[in-house]
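One file, protein39.txt, carrying compact mmCIF, C-alpha atoms:
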# COMPACT_ATOMS: atom_id res chain seq x y z
CA MET O 1 26.36 26.15 -36.53
CA GLU O 2 27.30 27.75 -33.22
CA LYS O 3 27.42 25.54 -30.17
CA LYS O 4 24.80 27.71 -28.49
CA ASP O 5 22.37 27.43 -31.36
CA TYR O 6 22.84 23.70 -31.48
CA LYS O 7 22.01 23.42 -27.78
CA LYS O 8 18.87 25.49 -28.35
CA LEU O 9 17.85 23.20 -31.17
CA VAL O 10 18.40 20.08 -29.05
CA ASP O 11 16.41 21.57 -26.19
CA LYS O 12 13.58 22.33 -28.56
CA TYR O 13 13.25 18.72 -29.69
CA THR O 14 14.01 16.91 -26.42
CA PRO O 15 10.72 15.77 -24.91
CA ASN O 16 10.05 17.11 -21.44
CA ALA O 17 10.30 14.52 -18.69
CA PRO O 18 6.68 13.35 -18.47
CA ARG O 19 6.39 14.19 -14.79
CA PHE O 20 3.09 15.99 -15.19
CA LYS O 21 1.58 13.15 -17.22
CA ASN O 22 2.86 10.56 -14.71
CA ALA O 23 1.35 12.51 -11.82
CA ILE O 24 -2.05 12.80 -13.54
CA ILE O 25 -2.09 9.08 -14.41
CA ALA O 26 -1.12 8.14 -10.83
CA PHE O 27 -3.87 10.42 -9.49
CA LEU O 28 -6.55 8.95 -11.75
CA ILE O 29 -5.60 5.28 -11.29
CA GLY O 30 -5.09 5.74 -7.54
CA GLY O 31 -8.44 7.46 -7.27
CA PHE O 32 -10.04 4.63 -9.19
CA MET O 33 -8.51 2.12 -6.76
CA GLY O 34 -10.01 4.09 -3.86
CA VAL O 35 -13.43 4.05 -5.52
CA LEU O 36 -13.08 0.29 -6.16
CA GLY O 37 -12.20 -0.24 -2.48
CA ASN O 38 -15.18 1.73 -1.32
CA PHE O 39 -17.45 -0.07 -3.77
CA LEU O 40 -16.24 -3.46 -2.49
CA ILE O 41 -16.89 -2.37 1.10
CA ASP O 42 -20.45 -1.32 0.18
CA ALA O 43 -21.05 -4.50 -1.80
CA TYR O 44 -19.76 -6.84 0.94
CA SER O 45 -21.67 -5.07 3.71
CA PHE O 46 -24.84 -5.20 1.58
CA TYR O 47 -24.68 -8.83 0.40
CA PHE O 48 -23.11 -10.47 3.48
CA ASN O 49 -24.67 -8.22 6.12
CA LEU O 50 -21.28 -7.20 7.54
CA SER O 51 -20.35 -4.12 9.48
CA SER O 52 -18.29 -1.70 7.41
CA LYS O 53 -15.21 -2.55 9.50
CA ASP O 54 -15.42 -6.28 8.69
CA ALA O 55 -16.26 -5.47 5.07
CA GLY O 56 -13.03 -3.43 4.98
CA VAL O 57 -11.08 -6.56 5.95
CA PHE O 58 -12.81 -8.53 3.17
CA MET O 59 -12.01 -5.72 0.74
CA ILE O 60 -8.30 -5.80 1.61
CA ILE O 61 -8.17 -9.59 1.12
CA THR O 62 -9.91 -9.23 -2.25
CA LEU O 63 -7.50 -6.54 -3.46
CA VAL O 64 -4.50 -8.59 -2.29
CA PHE O 65 -5.83 -11.59 -4.21
CA ILE O 66 -6.40 -9.50 -7.35
CA GLY O 67 -2.87 -8.10 -7.08
CA CYS O 68 -1.29 -11.55 -6.65
CA PHE O 69 -3.33 -13.20 -9.39
CA LEU O 70 -2.78 -10.52 -12.01
CA THR O 71 0.96 -10.50 -11.22
CA CYS O 72 1.02 -14.24 -11.93
CA LEU O 73 -0.78 -13.77 -15.24
CA GLY O 74 1.81 -11.16 -16.21
CA PHE O 75 -0.52 -8.16 -16.65
CA PHE O 76 0.34 -6.39 -13.48
CA ASP O 77 3.99 -5.59 -14.28
CA LYS O 78 2.91 -3.73 -17.41
CA TRP O 79 0.18 -1.89 -15.51
CA VAL O 80 2.65 -0.88 -12.79
CA ASN O 81 5.04 0.42 -15.44
CA PHE O 82 2.19 2.52 -16.80
CA ALA O 83 0.49 3.73 -13.61
CA LYS O 84 3.52 3.62 -11.28
CA CYS O 85 2.48 4.99 -7.88
CA GLY O 86 -1.20 4.67 -8.78
CA LEU O 87 -0.82 0.92 -8.24
CA ILE O 88 2.25 0.80 -5.96
CA VAL O 89 0.84 2.91 -3.13
CA PRO O 90 -2.48 1.00 -2.76
CA ILE O 91 -2.39 -2.39 -1.01
CA THR O 92 -2.06 -4.07 -4.43
CA GLY O 93 1.57 -2.87 -4.51
CA PHE O 94 2.28 -4.86 -1.34
CA ALA O 95 0.75 -7.97 -2.94
CA HIS O 96 2.67 -7.33 -6.15
CA ALA O 97 5.97 -7.06 -4.26
CA CYS O 98 5.36 -10.35 -2.40
CA GLN O 99 4.18 -12.20 -5.48
CA SER O 100 6.92 -11.08 -7.84
CA ALA O 101 9.59 -11.98 -5.26
CA ALA O 102 7.98 -15.41 -4.76
CA LEU O 103 7.79 -16.06 -8.51
CA GLU O 104 11.33 -14.86 -9.11
CA TYR O 105 12.94 -17.07 -6.46
CA ARG O 106 10.68 -20.08 -7.08
CA LYS O 107 13.42 -21.92 -9.00
CA GLU O 108 15.79 -21.75 -6.02
CA GLY O 109 13.58 -24.10 -4.06
CA LEU O 110 10.69 -23.82 -1.63
CA VAL O 111 12.62 -23.04 1.56
CA THR O 112 15.74 -21.26 0.33
CA GLY O 113 13.86 -19.62 -2.54
CA ILE O 114 10.28 -18.67 -1.69
CA GLY O 115 10.58 -18.93 2.08
CA ALA O 116 13.70 -16.82 2.36
CA ASN O 117 12.93 -14.20 -0.25
CA MET O 118 9.17 -13.59 -0.28
CA PHE O 119 9.46 -10.48 1.87
CA LYS O 120 12.61 -9.22 0.22
CA LEU O 121 10.76 -6.22 -1.21
CA ALA O 122 7.70 -5.99 1.03
CA GLY O 123 9.46 -6.68 4.33
CA SER O 124 10.56 -3.10 4.87
CA VAL O 125 6.92 -2.03 4.97
CA ILE O 126 6.18 -4.47 7.81
CA ILE O 127 9.38 -3.76 9.76
CA PHE O 128 9.20 0.02 9.59
CA GLY O 129 5.45 -0.12 10.16
CA VAL O 130 5.82 -2.17 13.34
CA VAL O 131 8.74 -0.14 14.73
CA SER O 132 7.08 3.21 14.00
CA ALA O 133 3.74 1.97 15.37
CA TYR O 134 5.53 0.87 18.55
CA ILE O 135 7.25 4.23 19.00
CA PHE O 136 4.12 6.22 18.20
CA GLY O 137 2.14 3.91 20.50
CA LEU O 138 4.51 4.74 23.36
CA LEU O 139 4.10 8.41 22.46
CA ARG O 140 0.35 8.04 22.60
CA ILE O 141 0.45 6.31 26.01
CA PHE O 142 2.82 8.74 27.70
CA VAL O 143 1.94 12.02 25.99
CA MET O 144 -1.68 11.65 25.00
CA GLY O 145 -2.69 9.30 27.83
CA GLY O 146 -3.81 6.27 25.77
CA MET G 1 -20.43 11.72 -2.06
CA ILE G 2 -18.21 9.27 -0.18
CA TYR G 3 -17.15 7.83 -3.54
CA PHE G 4 -15.91 11.26 -4.60
CA ASN G 5 -14.01 11.64 -1.29
CA ALA G 6 -12.53 8.17 -1.76
CA PHE G 7 -11.40 9.07 -5.28
CA LEU G 8 -9.92 12.38 -4.09
CA PHE G 9 -8.06 11.01 -1.06
CA CYS G 10 -6.65 7.85 -2.64
CA GLY G 11 -5.73 9.77 -5.77
CA LEU G 12 -3.97 12.48 -3.77
CA VAL G 13 -1.90 9.94 -1.82
CA CYS G 14 -0.84 8.30 -5.09
CA LEU G 15 -0.12 11.73 -6.61
CA ILE G 16 2.17 12.67 -3.72
CA GLY G 17 3.94 9.31 -4.09
CA GLN G 18 4.41 9.85 -7.82
CA ILE G 19 5.81 13.37 -7.30
CA ILE G 20 8.31 12.03 -4.75
CA LEU G 21 9.22 9.15 -7.12
CA ASP G 22 9.83 11.44 -10.11
CA ASN G 23 11.72 14.21 -8.38
CA THR G 24 14.01 12.31 -5.99
CA LYS G 25 16.18 9.23 -6.17
CA LEU G 26 13.96 7.24 -3.77
CA THR G 27 12.74 3.84 -4.95
CA PRO G 28 9.11 2.61 -4.67
CA GLY G 29 10.21 0.66 -1.59
CA HIS G 30 11.22 3.89 0.13
CA ILE G 31 7.92 5.53 -0.76
CA THR G 32 5.70 2.75 0.58
CA THR G 33 7.82 2.69 3.76
CA ILE G 34 7.48 6.45 4.20
CA PHE G 35 3.72 6.22 3.71
CA VAL G 36 3.38 3.49 6.35
CA ILE G 37 5.27 5.66 8.85
CA VAL G 38 3.12 8.67 7.94
CA GLY G 39 -0.04 6.60 8.45
CA ALA G 40 1.14 5.49 11.90
CA PHE G 41 2.06 9.09 12.75
CA LEU G 42 -1.36 10.44 11.73
CA ASP G 43 -2.99 7.99 14.11
CA VAL G 44 -1.18 9.50 17.11
CA PHE G 45 -3.67 12.38 17.03
CA ASN G 46 -6.59 10.19 15.85
CA LEU G 47 -6.51 12.04 12.54
CA TYR G 48 -6.65 8.91 10.43
CA ASP G 49 -9.91 7.75 12.02
CA LYS G 50 -11.50 10.97 10.83
CA LEU G 51 -10.08 10.38 7.36
CA VAL G 52 -11.59 6.87 7.32
CA LEU G 53 -14.97 8.34 8.26
CA TRP G 54 -14.60 10.98 5.55
CA ALA G 55 -13.23 8.91 2.67
CA GLY G 56 -14.42 5.39 3.59
CA GLY G 57 -12.66 2.74 1.50
CA GLY G 58 -10.53 5.40 -0.13
CA ALA G 59 -8.61 5.79 3.13
CA LEU G 60 -8.28 2.02 3.67
CA VAL G 61 -6.85 1.18 0.24
CA PRO G 62 -3.53 3.13 0.34
CA ILE G 63 -0.63 1.61 2.27
CA THR G 64 -0.97 4.43 4.86
CA SER G 65 -3.88 2.48 6.35
CA PHE G 66 -1.43 -0.34 7.14
CA GLY G 67 0.41 1.87 9.67
CA HIS G 68 -2.91 3.14 10.98
CA LEU G 69 -4.24 -0.39 11.54
CA LEU G 70 -1.00 -1.51 13.24
CA ILE G 71 -1.16 1.21 15.87
CA HIS G 72 -4.95 0.90 16.14
CA GLY G 73 -4.77 -2.81 16.99
CA ALA G 74 -2.00 -2.15 19.50
CA MET G 75 -3.97 0.60 21.26
CA ASP G 76 -7.01 -1.68 21.62
CA THR G 77 -5.02 -4.15 23.73
CA VAL G 78 -3.23 -1.33 25.59
CA ASN G 79 -6.61 -0.37 27.03
CA ASN G 80 -6.89 -3.84 28.62
CA PHE G 81 -3.31 -4.83 29.46
CA GLY G 82 -1.39 -1.59 29.84
CA ILE G 83 1.95 -1.05 28.18
CA MET G 84 2.47 -4.77 27.51
CA GLY G 85 -0.52 -4.58 25.20
CA LEU G 86 1.68 -2.84 22.65
CA PHE G 87 3.35 -6.19 22.01
CA MET G 88 0.15 -8.21 21.95
CA GLY G 89 -2.27 -6.57 19.60
CA MET G 90 -0.05 -5.03 16.95
CA PHE G 91 -1.10 -7.46 14.18
CA ASP G 92 -4.73 -7.92 15.25
CA LEU G 93 -6.20 -5.84 12.44
CA THR G 94 -3.51 -6.14 9.79
CA SER G 95 -3.14 -9.92 9.99
CA SER G 96 -5.75 -10.38 7.24
CA GLY G 97 -3.70 -8.47 4.66
CA ILE G 98 -0.38 -10.10 5.61
CA VAL G 99 -1.79 -13.64 5.78
CA ALA G 100 -3.63 -13.16 2.48
CA ALA G 101 -0.44 -11.89 0.81
CA ILE G 102 1.64 -14.80 2.15
CA VAL G 103 -0.89 -17.55 1.38
CA PHE G 104 -1.89 -16.34 -2.09
CA SER G 105 1.61 -15.58 -3.24
CA PHE G 106 2.94 -18.93 -1.96
CA LEU G 107 0.19 -21.02 -3.52
CA LEU G 108 0.08 -19.09 -6.79
CA SER G 109 3.87 -19.22 -7.19
CA LEU G 110 3.61 -23.03 -7.07
CA ILE G 111 1.17 -22.98 -9.96
CA PHE G 112 2.45 -20.22 -12.24
CA GLN G 113 5.79 -19.73 -13.95
CA PRO G 114 7.45 -16.29 -13.99
CA LYS G 115 6.73 -14.30 -17.15
CA ASP G 116 9.49 -12.28 -18.71

Rewrite the structure from the file as structure tokens, please.
Amino acid sequence: MEKKDYKKLVDKYTPNAPRFKNAIIAFLIGGFMGVLGNFLIDAYSFYFNLSSKDAGVFMIITLVFIGCFLTCLGFFDKWVNFAKCGLIVPITGFAHACQSAALEYRKEGLVTGIGANMFKLAGSVIIFGVVSAYIFGLLRIFVMGG
Amino acid sequence: MIYFNAFLFCGLVCLIGQIILDNTKLTPGHITTIFVIVGAFLDVFNLYDKLVLWAGGGALVPITSFGHLLIHGAMDTVNNFGIMGLFMGMFDLTSSGIVAAIVFSFLLSLIFQPKD
């Protein structure tokens, strides 16, 4: 068999990188997370008589708790492997990063393990968020006038 | 209708993240960081407030809202204290998410063992 033919044959049977499938799954799961968030806001503002802004805070706490708890039970790692950005980009990904770092370094002790490493993965979000918010805040004061 | 907008917006943000993840060498950490910066940037022109009105919870769930809330809290104190307010109110609105993440993950990691 010629080398060229062989390459053609290999190409024919190599599965395409499932980029399209990954993107669709991330879109659907991410969209579902958005719907869940909005549903929680509606539910909290209805049952506890909160303004939608306060209900949003409650919603974020709930999602963080769900993310932490499911990571501890071991489900969440599998779900993240399946949905990838569909669960990493929502706030659950932040909780998952904190929780998995805390669990992983638990055996190294409370202070040198959990205390030092909890924000190993999630810290960059806070640091870059604060620095960029500071710079853009200055921009807003001086350019846009507050 | 707002549920459909929430689905569309949150799904689109995740879709963009997934496309970046698959086609470049960036890690999930890079992507969440980029999204936080984008969220803070969109708030310079008050665009994100309009998105929150349009998509409701769908705009608050993605990590972009973290950057938006950081700059939003800072601007609230800037109105009262001037430029020093940037240092004072940065965490006013986001503290709930950060405190919840710290407290839950600390307490739960005391109870549970890591699963392999």

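The gap separating atom CA of O:Phe75 from atom CA of G:Phe112 is 13.2 Å, in Å to one decimal.
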
Residue list for chain G near chain O as an mmCIF file with C-alpha atoms, in the coordinates of the input, 6 Å, only C-alpha atoms:
data_model
loop_
_atom_site.group_PDB
_atom_site.id
_atom_site.type_symbol
_atom_site.label_atom_id
_atom_site.label_comp_id
_atom_site.auth_asym_id
_atom_site.auth_seq_id
_atom_site.Cartn_x
_atom_site.Cartn_y
_atom_site.Cartn_z
ATOM 1 C CA TYR G 3 -17.150 7.830 -3.540
ATOM 2 C CA ALA G 6 -12.530 8.170 -1.760
ATOM 3 C CA PHE G 7 -11.400 9.070 -5.280
ATOM 4 C CA CYS G 10 -6.650 7.850 -2.640
ATOM 5 C CA GLY G 11 -5.730 9.770 -5.770
ATOM 6 C CA CYS G 14 -0.840 8.300 -5.090
ATOM 7 C CA LEU G 15 -0.120 11.730 -6.610
ATOM 8 C CA GLY G 17 3.940 9.310 -4.090
ATOM 9 C CA GLN G 18 4.410 9.850 -7.820
ATOM 10 C CA THR G 33 7.820 2.690 3.760
ATOM 11 C CA VAL G 36 3.380 3.490 6.350
ATOM 12 C CA ILE G 37 5.270 5.660 8.850
ATOM 13 C CA ALA G 40 1.140 5.490 11.900
ATOM 14 C CA VAL G 44 -1.180 9.500 17.110
ATOM 15 C CA GLY G 57 -12.660 2.740 1.500
ATOM 16 C CA GLY G 58 -10.530 5.400 -0.130
ATOM 17 C CA VAL G 61 -6.850 1.180 0.240
ATOM 18 C CA PRO G 62 -3.530 3.130 0.340
ATOM 19 C CA ILE G 63 -0.630 1.610 2.270
ATOM 20 C CA GLY G 67 0.410 1.870 9.670
ATOM 21 C CA ILE G 71 -1.160 1.210 15.870
ATOM 22 C CA GLY G 97 -3.700 -8.470 4.660
ATOM 23 C CA ALA G 100 -3.630 -13.160 2.480
ATOM 24 C CA ALA G 101 -0.440 -11.890 0.810
ATOM 25 C CA SER G 105 1.610 -15.580 -3.240
ATOM 26 C CA SER G 109 3.870 -19.220 -7.190
ATOM 27 C CA PRO G 114 7.450 -16.290 -13.990
ATOM 28 C CA LYS G 115 6.730 -14.300 -17.150
#

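Rounded to one decimal, atom CA of G:Leu70 and atom CA of G:Asp92 lie 7.7 Å from each other.
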
I'd like the neighbourhood of G:Leu69 as a PDB file with C-alpha atoms, keeping the file's coordinate frame, where a residue qualifies if any of its atoms comes within 9 Å (using only C-alpha atoms), though same-chain residues fewer than 6 positions away should be ignored.
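Here's the written file result.pdb:
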ATOM      1  CA  GLY G  39      -0.040   6.600   8.450  1.00  0.00           C
ATOM      2  CA  ALA G  40       1.140   5.490  11.900  1.00  0.00           C
ATOM      3  CA  ASP G  43      -2.990   7.990  14.110  1.00  0.00           C
ATOM      4  CA  MET G  90      -0.050  -5.030  16.950  1.00  0.00           C
ATOM      5  CA  PHE G  91      -1.100  -7.460  14.180  1.00  0.00           C
ATOM      6  CA  ASP G  92      -4.730  -7.920  15.250  1.00  0.00           C
ATOM      7  CA  LEU G  93      -6.200  -5.840  12.440  1.00  0.00           C
ATOM      8  CA  THR G  94      -3.510  -6.140   9.790  1.00  0.00           C
TER       9      THR G  94
END

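Distances to G:Asn46 were evaluated for G:Ile2, G:Met75, G:Leu107, G:Gly85 using all atoms listed in the file, and the minimum falls at G:Met75.
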
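One finds atom CA of O:Leu70 at 10.4 Å from atom CA of G:Leu108.
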
Hey, could you pull the box centre and edge lengths for stretch 124-143 of chain O, axis-aligned, 5 Å padding per side, all listed atoms, to one decimal in Å, as JSON?
{"center_x": 5.5, "center_y": 3.8, "center_z": 16.3, "size_x": 20.2, "size_y": 26.5, "size_z": 32.8}

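In this comparison, which uses all atoms listed in the file, the residue of G:Gly82, G:Thr77, G:Trp54, G:Ile34 approaching G:Phe4 most closely is G:Trp54.
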